[in-house]
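Heads up: the structure comes next, in structure tokens.
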Amino acid sequence: MRVLRWVFSLCLIFGVSSWRSAAQERDTSHSRDYQNCLYGRYGCDLSQLSVNEQSAVARSAHDRNYQNCLYGRYGCDLSQLSANEQSAVARSAHDRNYQNCLYGRFGCDPAQLIADEQKAVESSAHDRNYQNCLYGRFGCDSSKLTADERQSAASSPSALESSTSTGSGSTPGGTSGSTDPACAENGSCYGDISERTGRPKTVQVQGYYRKDGTYVRGHYRSAPRRH
């Protein structure tokens, strides 16, 4: 009799343990499927979700599509957006195009700008060309400068050094020895001392977009220390 009770207890323990293990595995599988659906990942099975979970997944998919549209990313479906969201996306696209035009970046469509923006873009392009001429950089068109600007560019240290180097042949290949850039979009300039490193900023970083769509303006940073 004791043996039977012992066998029964042992079977009961193993049975409960197996049931708990199976239940935990089901919960883990369900949770994993829900996360895949929620974040638009491969392996999503909507049929395994509850009504509330399916609603949450639909909201997440809508928000993800809205973000893609708002920041001009791949995967945007404008037809899934509300009227207010479409208006916000249109404003974001306009602002992005304006920034591209203002800083001479790829993707600029001047036809989409209003009159005031076109004037600002023309002024920015003029200033950028003047800086190129002033510092002897590629892209200088002196014909677009005023008389005073041409005089300033001709008498700038870069122009004088270039002329001296070309005349004396001291620079290999007869090229100018000075290519110091001007100032970047965020106002930092070549040679500024970095507050963080205490070294001069000599590395130019072009403007770029982060994964969340935030634009980081072009800037200068100090070169990494060599060991």
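Residue numbers start at 1 in each chain; chains themselves are named A, B, ... in the order of the structure tokens; ligands are numbered from 1 in the order shown.
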
Discussion item. What parts of stretch 8-141 of chain A does DSSP call helix (DSSP H, G or I)? I'd like the answer as a VMD selection string.
Written reply: chain A and resid 8 to 38 46 to 48 51 to 70 78 to 80 83 to 102 110 to 112 115 to 134

Discussion item. So that I can check the surroundings of A:Val205, please list as a list in words every protein, DNA and RNA residue that reaches within 9 Å of it, counting only C-alpha atoms and ignoring chain neighbours fewer than 3 positions away.
Written reply: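 Residues meeting the cut-off are Ala184, Tyr208, Arg217, Gly218, His219, Tyr220 and Arg221 of chain A.
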
Discussion item. My list of candidates is A:Arg32, A:Arg96, A:Arg137, A:Lys211. Which is closest to A:Gln48 when distances are computed with only C-alpha atoms?
Written reply: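 Once distances to A:Gln48 are computed over only C-alpha atoms, the minimum belongs to A:Arg32.
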
Worksheet entry | Distance criterion (only C-alpha atoms): nearest to A:Leu70 out of A:Ser50, A:His94, A:Asn36, A:Ser156 |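 Using only C-alpha atoms, the shortest distance to A:Leu70 belongs to A:His94.
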
Practice prompt. Identify, with DSSP run on backbone atoms, the residues in stretch 46-225 of chain A assigned to strand (DSSP E or B), and express the list as number ranges by chain.
Written response: A: 183, 189, 193, 200-205, 208-209, 215-216, 219-222

Worksheet entry | Residues near A:Arg128, cut-off 9 Å, only C-alpha atoms, skip fewer than 6 positions along chain, as a ChimeraX atom specification | /A:103-104,140

Can you write out the residues you just picked, keeping N, CA and C atoms, as a compact mmCIF listing (two decimals), in the first residue's frame?
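In the end it all went to selection35.txt:
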# COMPACT_ATOMS: atom_id res chain seq x y z
N TYR A 103 21.34 74.14 -47.71
CA TYR A 103 22.73 73.73 -47.48
C TYR A 103 23.34 73.04 -48.70
N GLY A 104 22.67 73.15 -49.86
CA GLY A 104 23.24 72.61 -51.09
C GLY A 104 23.37 71.11 -51.11
N CYS A 140 34.41 77.18 -56.30
CA CYS A 140 34.38 78.65 -56.34
C CYS A 140 34.05 79.13 -57.75

Item to complete: Could you check how far atom CA of A:Ala93 sits from atom CA of A:Gly72, in Å to one decimal?
Response: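 A separation of 7.0 Å between them.
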